[in-house]
>>> print(open('final_9.cif').read())   # mmCIF, C-alpha atoms
data_query
loop_
_atom_site.label_atom_id
_atom_site.label_comp_id
_atom_site.auth_asym_id
_atom_site.auth_seq_id
_atom_site.Cartn_x
_atom_site.Cartn_y
_atom_site.Cartn_z
CA MET C 23 15.29 -1.34 -30.12
CA HIS C 24 17.01 0.45 -27.27
CA ALA C 25 14.94 3.60 -27.78
CA ALA C 26 11.75 1.54 -27.87
CA LEU C 27 12.64 -0.05 -24.52
CA GLU C 28 13.32 3.38 -23.02
CA ILE C 29 9.96 4.67 -24.24
CA LEU C 30 8.24 1.57 -22.82
CA THR C 31 9.97 2.13 -19.47
CA ALA C 32 8.91 5.76 -19.39
CA VAL C 33 5.31 4.89 -20.25
CA CYS C 34 5.13 2.21 -17.55
CA LEU C 35 6.68 4.45 -14.88
CA LEU C 36 4.45 7.41 -15.76
CA ALA C 37 1.29 5.29 -15.83
CA GLY C 38 2.22 3.72 -12.50
CA SER C 39 2.83 7.16 -11.00
CA VAL C 40 -0.55 8.41 -12.23
CA PHE C 41 -2.32 5.38 -10.77
CA ALA C 42 -0.48 5.82 -7.46
CA ILE C 43 -1.57 9.45 -7.17
CA ILE C 44 -5.14 8.52 -8.15
CA GLY C 45 -5.21 5.93 -5.38
CA GLY C 46 -3.75 8.46 -2.94
CA ILE C 47 -6.48 10.97 -3.78
CA GLY C 48 -9.01 8.16 -3.42
CA ILE C 49 -7.82 7.17 0.06
CA LEU C 50 -8.12 10.80 1.10
CA ARG C 51 -11.53 11.65 -0.36
CA LEU C 52 -13.69 8.49 -0.35
CA PRO C 53 -16.33 8.47 2.40
CA ASP C 54 -15.73 5.36 4.56
CA VAL C 55 -13.13 2.70 5.28
CA PHE C 56 -14.53 0.13 2.86
CA THR C 57 -14.44 2.47 -0.11
CA ARG C 58 -10.99 3.70 0.90
CA MET C 59 -9.79 0.10 0.54
CA HIS C 60 -10.64 0.46 -3.15
CA GLY C 61 -8.26 3.41 -3.46
CA ALA C 62 -5.53 1.54 -1.61
CA GLY C 63 -6.08 -1.45 -3.91
CA ILE C 64 -5.47 0.68 -6.99
CA THR C 65 -2.05 1.74 -5.74
CA ASP C 66 -1.16 -1.79 -4.64
CA THR C 67 -2.06 -3.53 -7.93
CA LEU C 68 -1.84 -1.14 -10.86
CA GLY C 69 0.48 1.46 -9.35
CA ALA C 70 3.03 -0.95 -7.88
CA GLY C 71 2.66 -3.35 -10.83
CA LEU C 72 3.33 -0.74 -13.51
CA ILE C 73 6.19 0.92 -11.63
CA LEU C 74 7.89 -2.42 -10.95
CA LEU C 75 7.27 -3.49 -14.57
CA GLY C 76 9.01 -0.32 -15.75
CA LEU C 77 11.95 -1.05 -13.44
CA MET C 78 12.08 -4.64 -14.78
CA ILE C 79 12.36 -3.36 -18.36
CA LEU C 80 15.04 -0.94 -17.18
CA GLY C 81 16.97 -3.67 -15.39
CA GLY C 82 17.01 -6.14 -18.27
CA ILE C 83 17.31 -9.89 -17.79
CA SER C 84 19.38 -10.29 -14.62
CA LEU C 85 19.14 -11.03 -10.92
CA VAL C 86 17.63 -7.57 -10.44
CA THR C 87 14.58 -8.56 -12.45
CA VAL C 88 14.19 -11.75 -10.44
CA LYS C 89 14.17 -9.70 -7.21
CA LEU C 90 11.66 -7.28 -8.71
CA ILE C 91 9.39 -10.19 -9.68
CA MET C 92 9.66 -11.53 -6.12
CA ILE C 93 8.69 -8.13 -4.69
CA LEU C 94 5.77 -7.88 -7.11
CA VAL C 95 4.46 -11.38 -6.39
CA PHE C 96 4.76 -10.82 -2.68
CA LEU C 97 2.93 -7.50 -2.84
CA TRP C 98 0.16 -9.08 -4.89
CA ILE C 99 -0.25 -11.83 -2.30
CA SER C 100 0.09 -9.77 0.88
CA SER C 101 -1.93 -6.72 -0.09
CA PRO C 102 -5.29 -8.49 -0.69
CA THR C 103 -4.67 -10.63 2.39
CA SER C 104 -4.16 -7.65 4.68
CA THR C 105 -7.09 -5.80 3.08
CA HIS C 106 -9.32 -8.84 3.65
CA ALA C 107 -8.22 -9.11 7.27
CA LEU C 108 -8.81 -5.38 7.70
CA ALA C 109 -12.35 -5.61 6.30
CA ARG C 110 -13.20 -8.58 8.54
CA SER C 111 -11.74 -6.81 11.56
CA ALA C 112 -13.64 -3.61 10.78
CA LEU C 113 -16.94 -5.51 10.39
CA ALA C 114 -16.35 -7.48 13.59
CA ASN C 115 -15.77 -4.22 15.47
CA GLY C 116 -19.06 -2.75 14.34
CA VAL C 117 -17.98 -0.49 11.47
CA ARG C 118 -20.78 -0.56 8.90
CA PRO C 119 -20.45 0.42 5.22
CA GLN C 120 -21.98 3.78 4.43
CA LEU C 121 -25.03 3.27 2.19
CA ALA C 122 -26.64 5.64 -0.30
CA GLY C 123 -29.43 6.77 2.03
CA ASP C 124 -27.19 7.36 5.05
CA PRO C 125 -26.31 10.89 6.13
CA ALA C 126 -22.74 11.93 5.42
CA PRO C 127 -20.31 11.63 8.36
CA GLU C 128 -19.31 14.80 10.15
CA GLU C 129 -15.79 15.08 8.80
CA ASP C 130 -17.01 15.22 5.19
CA SER C 131 -19.43 18.05 5.90
CA SER C 132 -16.60 20.13 7.34
CA SER C 133 -14.13 19.42 4.54
CA PRO C 134 -14.62 21.12 1.16
CA SER C 135 -16.01 18.64 -1.36
CA MET Z 8 11.63 9.53 -15.64
CA LEU Z 9 12.82 8.00 -12.36
CA PRO Z 10 12.80 11.33 -10.42
CA ALA Z 11 9.23 11.99 -11.58
CA THR Z 12 8.19 8.54 -10.37
CA MET Z 13 9.89 9.20 -7.05
CA ALA Z 14 8.06 12.51 -6.68
CA ALA Z 15 4.73 10.84 -7.44
CA ILE Z 16 5.38 8.13 -4.86
CA ILE Z 17 6.30 10.74 -2.24
CA VAL Z 18 3.09 12.68 -3.01
CA THR Z 19 1.10 9.46 -2.57
CA MET Z 20 2.84 8.78 0.74
CA ALA Z 21 1.94 12.29 1.90
CA LEU Z 22 -1.72 11.68 0.97
CA ALA Z 23 -1.70 8.38 2.88
CA LEU Z 24 -0.15 10.08 5.91
CA THR Z 25 -2.85 12.75 5.76
CA ARG Z 26 -5.52 10.04 5.90
CA ALA Z 27 -3.67 8.32 8.73
CA ALA Z 28 -3.72 11.59 10.69
CA LEU Z 29 -7.37 12.39 9.89
CA GLY Z 30 -8.82 8.87 9.94
CA PRO Z 31 -11.97 8.70 12.08
CA THR Z 32 -11.56 5.00 12.94
CA VAL Z 33 -8.45 2.97 13.74
CA PHE Z 34 -9.04 0.93 10.58
CA ASP Z 35 -8.61 4.00 8.37
CA ARG Z 36 -5.26 4.58 10.00
CA ILE Z 37 -4.19 0.94 9.56
CA LEU Z 38 -5.23 1.04 5.89
CA ALA Z 39 -3.28 4.25 5.33
CA LEU Z 40 -0.20 2.84 7.07
CA ASN Z 41 -0.39 -0.36 5.00
CA MET Z 42 -0.46 1.76 1.85
CA PHE Z 43 2.39 3.90 3.21
CA GLY Z 44 4.49 0.76 3.70
CA THR Z 45 3.78 -0.47 0.18
CA LYS Z 46 4.81 2.89 -1.21
CA THR Z 47 7.99 2.73 0.88
CA VAL Z 48 8.89 -0.54 -0.86
CA LEU Z 49 8.39 1.10 -4.26
CA LEU Z 50 10.34 4.20 -3.17
CA ILE Z 51 13.32 2.10 -2.04
CA ALA Z 52 13.30 0.21 -5.36
CA VAL Z 53 13.14 3.43 -7.41
CA ILE Z 54 15.89 5.07 -5.34
CA GLY Z 55 18.03 1.99 -5.89
CA PHE Z 56 17.71 2.38 -9.65
CA LEU Z 57 18.15 6.16 -9.46
CA THR Z 58 21.46 5.90 -7.61
CA GLY Z 59 22.64 2.90 -9.65
CA ARG Z 60 22.71 0.56 -6.65
CA PRO Z 61 20.25 -2.30 -7.29
CA ASP Z 62 21.30 -3.88 -3.98
CA PHE Z 63 18.57 -1.73 -2.46
CA LEU Z 64 16.06 -4.26 -3.81
CA ASP Z 65 16.97 -6.61 -0.95
CA LEU Z 66 15.97 -3.88 1.50
CA ALA Z 67 12.70 -3.42 -0.39
CA LEU Z 68 11.96 -7.14 -0.17
CA VAL Z 69 12.62 -7.23 3.58
CA TYR Z 70 10.50 -4.14 4.08
CA ALA Z 71 7.60 -5.74 2.20
CA LEU Z 72 7.73 -8.78 4.50
CA MET Z 73 7.96 -6.65 7.66
CA ASN Z 74 5.07 -4.46 6.53
CA PHE Z 75 2.77 -7.46 6.04
CA ILE Z 76 3.65 -8.95 9.42
CA GLY Z 77 3.15 -5.59 11.11
CA VAL Z 78 -0.28 -5.07 9.59
CA ILE Z 79 -1.47 -8.53 10.62
CA ALA Z 80 -0.16 -7.99 14.16
CA VAL Z 81 -1.88 -4.63 14.51
CA LEU Z 82 -5.12 -6.12 13.17
CA ARG Z 83 -5.02 -8.94 15.71
CA PHE Z 84 -4.50 -6.34 18.41
CA ALA Z 85 -7.37 -4.22 17.11
CA LYS Z 86 -9.71 -7.22 16.99
CA TYR Z 87 -8.93 -8.98 20.26
CA GLY Z 88 -7.35 -6.20 22.33
CA HIS Z 89 -4.21 -8.27 22.95
CA PHE Z 90 -1.62 -10.21 20.95
CA GLY Z 91 -2.84 -13.66 22.02
CA GLU Z 92 -0.66 -14.18 25.09
CA LEU Z 93 -3.63 -14.76 27.37
CA GLU Z 94 -5.02 -17.50 25.13
CA ASP Z 95 -1.67 -19.30 25.10
CA GLU Z 96 -1.38 -19.12 28.89
CA ALA Z 97 -4.90 -20.45 29.25
CA GLU Z 98 -4.04 -23.39 27.00
CA GLU Z 99 -0.86 -24.09 28.92
CA ASP Z 100 -2.72 -24.02 32.21
CA ALA Z 101 -5.43 -26.37 30.99
#
>>> encode(input="final_9.cif", output="structure tokens")
Amino acid sequence: MHAALEILTAVCLLAGSVFAIIGGIGILRLPDVFTRMHGAGITDTLGAGLILLGLMILGGISLVTVKLIMILVFLWISSPTSTHALARSALANGVRPQLAGDPAPEEDSSSPS
Amino acid sequence: MLPATMAAIIVTMALALTRAALGPTVFDRILALNMFGTKTVLLIAVIGFLTGRPDFLDLALVYALMNFIGVIAVLRFAKYGHFGELEDEAEEDA
């Protein structure tokens, strides 16, 4: 039972780490701000969720787990809210999503892709 | 497993900082800083477990709250160019 919980913790932490790095690569390489929000969303939902779930299993049933659940719930509320406000603010300031027919921005032509 | 998770979070923070430095618009930088703050919360929680001091979770919770408030404040500034003081003064004068 104890070994199974340790394996479950390791799997959750590793999967969360992989998703966090995937989101980090996404925020660096995707072409415009609206697609980069997708990469940031991956780290905020799956990455943070899996890492905190692994810590919850590690912490057992105690006050620590309650605090972890509070952090997780708050992240899941605040992250979409701030992303939504960011998208509205970007649109209101004249940033347009890059469409399929548009030419690539200058910074992507200079960086190796 | 905890040190590997910490390394992955630090790598992600470095990637977010790179985007914040490169970002062509101010919104790219705000997005990257929001993600950096979220990863800071996770890093504090993981370090708390790594050093056997789960009291760090309180710091993580406070940091999550501060990060959200900071992002909303910066967005208001980016949208209106001020923090709303002029509107309040106008209402008080009227």
>>> resolve_selection(input="final_9.cif", expression="the PyMOL selection byres ((chain Z) within 7 of (chain C))", output="MDAnalysis selection string")
chainID Z and resid 8 12 15:16 19 22:23 26 34:35 42 49 61 64 68 75 78:79 82 86
>>> atom_distance(input="final_9.cif", atom1="atom CA of Arg36 of chain Z", atom2="atom CA of Leu9 of chain Z")
29.0 Å
>>> residues_around(input="final_9.cif", residues="Met20 of chain Z", least_positions_apart="6", cutoff="9 Å", atoms="only C-alpha atoms", output="ChimeraX atom specification")
/C:46 /Z:39,42-44,46-47
>>> atom_distance(input="final_9.cif", atom1="atom CA of Ala67 of chain Z", atom2="atom CA of Leu29 of chain Z")
27.5 Å
>>> atom_distance(input="final_9.cif", atom1="atom CA of Val95 of chain C", atom2="atom CA of Ala80 of chain Z")
21.3 Å
>>> closest_residue(input="final_9.cif", among="Z:Thr25, Z:Asn74, Z:Phe63, Z:Leu57", to="Met13 of chain Z", atoms="only C-alpha atoms")
Z:Leu57
>>> decode(input="final_9.cif", residues="segment 58-108 of chain C", atoms="N, CA and C atoms", output="CSV table (one decimal), in the first residue's frame")
chain,number,residue,atom,x,y,z
C,58,ARG,N,-0.2,31.8,-27.2
C,58,ARG,CA,0.7,31.6,-26.0
C,58,ARG,C,-0.1,31.4,-24.8
C,59,MET,N,-1.4,32.0,-24.7
C,59,MET,CA,-2.2,31.8,-23.6
C,59,MET,C,-2.6,30.3,-23.4
C,60,HIS,N,-2.6,29.6,-24.6
C,60,HIS,CA,-2.9,28.2,-24.5
C,60,HIS,C,-1.7,27.4,-23.8
C,61,GLY,N,-0.5,27.8,-24.1
C,61,GLY,CA,0.6,27.2,-23.4
C,61,GLY,C,0.6,27.5,-21.9
C,62,ALA,N,0.3,28.8,-21.6
C,62,ALA,CA,0.2,29.1,-20.2
C,62,ALA,C,-0.9,28.4,-19.5
C,63,GLY,N,-2.0,28.1,-20.2
C,63,GLY,CA,-3.1,27.4,-19.6
C,63,GLY,C,-2.8,26.0,-19.3
C,64,ILE,N,-1.9,25.3,-20.1
C,64,ILE,CA,-1.5,24.0,-19.8
C,64,ILE,C,-0.7,23.9,-18.5
C,65,THR,N,0.2,24.8,-18.3
C,65,THR,CA,0.9,24.8,-17.0
C,65,THR,C,0.0,25.1,-15.8
C,66,ASP,N,-1.0,26.0,-16.0
C,66,ASP,CA,-1.8,26.4,-14.9
C,66,ASP,C,-2.8,25.3,-14.5
C,67,THR,N,-3.3,24.5,-15.5
C,67,THR,CA,-4.3,23.5,-15.1
C,67,THR,C,-3.6,22.1,-14.9
C,68,LEU,N,-3.1,21.5,-16.0
C,68,LEU,CA,-2.5,20.2,-15.8
C,68,LEU,C,-1.2,20.2,-15.0
C,69,GLY,N,-0.3,21.1,-15.3
C,69,GLY,CA,0.9,21.1,-14.6
C,69,GLY,C,0.8,21.3,-13.1
C,70,ALA,N,0.1,22.4,-12.8
C,70,ALA,CA,-0.1,22.7,-11.3
C,70,ALA,C,-1.0,21.7,-10.7
C,71,GLY,N,-2.0,21.2,-11.4
C,71,GLY,CA,-2.9,20.2,-10.8
C,71,GLY,C,-2.2,18.9,-10.5
C,72,LEU,N,-1.4,18.4,-11.4
C,72,LEU,CA,-0.8,17.1,-11.2
C,72,LEU,C,0.3,17.2,-10.1
C,73,ILE,N,1.1,18.4,-10.1
C,73,ILE,CA,2.1,18.5,-9.1
C,73,ILE,C,1.5,18.6,-7.7
C,74,LEU,N,0.4,19.4,-7.6
C,74,LEU,CA,-0.2,19.6,-6.3
C,74,LEU,C,-0.9,18.3,-5.9
C,75,LEU,N,-1.5,17.5,-6.9
C,75,LEU,CA,-2.1,16.2,-6.5
C,75,LEU,C,-1.0,15.3,-6.0
C,76,GLY,N,0.2,15.3,-6.6
C,76,GLY,CA,1.2,14.4,-6.1
C,76,GLY,C,1.6,14.8,-4.7
C,77,LEU,N,1.7,16.2,-4.4
C,77,LEU,CA,2.0,16.6,-3.1
C,77,LEU,C,0.9,16.2,-2.1
C,78,MET,N,-0.3,16.3,-2.5
C,78,MET,CA,-1.4,15.9,-1.6
C,78,MET,C,-1.3,14.4,-1.2
C,79,ILE,N,-1.0,13.5,-2.2
C,79,ILE,CA,-0.8,12.1,-1.9
C,79,ILE,C,0.4,12.0,-0.9
C,80,LEU,N,1.4,12.8,-1.1
C,80,LEU,CA,2.6,12.7,-0.3
C,80,LEU,C,2.2,13.2,1.1
C,81,GLY,N,1.4,14.2,1.2
C,81,GLY,CA,1.1,14.8,2.5
C,81,GLY,C,0.1,14.0,3.4
C,82,GLY,N,-0.7,13.1,2.7
C,82,GLY,CA,-1.7,12.3,3.5
C,82,GLY,C,-2.8,13.2,3.9
C,83,ILE,N,-3.7,12.6,4.7
C,83,ILE,CA,-4.9,13.4,5.1
C,83,ILE,C,-4.5,14.2,6.3
C,84,SER,N,-4.4,15.5,6.1
C,84,SER,CA,-4.0,16.4,7.2
C,84,SER,C,-4.3,17.8,6.8
C,85,LEU,N,-3.8,18.8,7.6
C,85,LEU,CA,-4.1,20.2,7.3
C,85,LEU,C,-3.3,20.6,6.1
C,86,VAL,N,-2.2,19.9,5.8
C,86,VAL,CA,-1.4,20.2,4.6
C,86,VAL,C,-2.2,20.0,3.4
C,87,THR,N,-2.9,18.9,3.3
C,87,THR,CA,-3.7,18.6,2.1
C,87,THR,C,-4.8,19.7,2.0
C,88,VAL,N,-5.4,20.1,3.1
C,88,VAL,CA,-6.4,21.1,3.0
C,88,VAL,C,-5.8,22.4,2.4
C,89,LYS,N,-4.6,22.8,2.8
C,89,LYS,CA,-4.0,24.0,2.2
C,89,LYS,C,-3.7,23.8,0.8
C,90,LEU,N,-3.2,22.6,0.4
C,90,LEU,CA,-2.9,22.3,-1.0
C,90,LEU,C,-4.2,22.4,-1.9
C,91,ILE,N,-5.3,21.9,-1.3
C,91,ILE,CA,-6.6,22.0,-2.1
C,91,ILE,C,-7.0,23.4,-2.2
C,92,MET,N,-6.7,24.3,-1.2
C,92,MET,CA,-7.1,25.7,-1.3
C,92,MET,C,-6.2,26.4,-2.4
C,93,ILE,N,-4.9,26.0,-2.4
C,93,ILE,CA,-4.1,26.6,-3.4
C,93,ILE,C,-4.5,26.2,-4.8
C,94,LEU,N,-4.9,24.9,-4.9
C,94,LEU,CA,-5.3,24.4,-6.2
C,94,LEU,C,-6.6,25.1,-6.7
C,95,VAL,N,-7.6,25.2,-5.8
C,95,VAL,CA,-8.9,25.8,-6.2
C,95,VAL,C,-8.7,27.2,-6.5
C,96,PHE,N,-7.8,27.9,-5.8
C,96,PHE,CA,-7.6,29.3,-6.1
C,96,PHE,C,-6.9,29.5,-7.4
C,97,LEU,N,-5.9,28.6,-7.7
C,97,LEU,CA,-5.2,28.8,-9.0
C,97,LEU,C,-6.2,28.5,-10.1
C,98,TRP,N,-7.1,27.5,-9.9
C,98,TRP,CA,-8.0,27.2,-11.0
C,98,TRP,C,-9.1,28.3,-11.2
C,99,ILE,N,-9.3,29.1,-10.2
C,99,ILE,CA,-10.2,30.2,-10.4
C,99,ILE,C,-9.5,31.4,-10.9
C,100,SER,N,-8.3,31.7,-10.4
C,100,SER,CA,-7.7,33.0,-10.8
C,100,SER,C,-7.0,32.9,-12.1
C,101,SER,N,-6.5,31.8,-12.5
C,101,SER,CA,-5.8,31.7,-13.8
C,101,SER,C,-6.6,31.9,-15.0
C,102,PRO,N,-7.8,31.3,-15.1
C,102,PRO,CA,-8.7,31.6,-16.3
C,102,PRO,C,-9.2,33.1,-16.2
C,103,THR,N,-9.4,33.6,-15.0
C,103,THR,CA,-9.9,35.0,-14.9
C,103,THR,C,-8.9,35.9,-15.4
C,104,SER,N,-7.6,35.8,-15.0
C,104,SER,CA,-6.6,36.7,-15.5
C,104,SER,C,-6.3,36.5,-16.9
C,105,THR,N,-6.4,35.3,-17.5
C,105,THR,CA,-6.2,35.0,-18.9
C,105,THR,C,-7.3,35.7,-19.7
C,106,HIS,N,-8.6,35.6,-19.2
C,106,HIS,CA,-9.7,36.3,-19.8
C,106,HIS,C,-9.5,37.8,-19.9
C,107,ALA,N,-9.1,38.3,-18.7
C,107,ALA,CA,-8.9,39.8,-18.7
C,107,ALA,C,-7.8,40.2,-19.6
C,108,LEU,N,-6.7,39.4,-19.7
C,108,LEU,CA,-5.6,39.6,-20.6
C,108,LEU,C,-6.1,39.6,-22.0
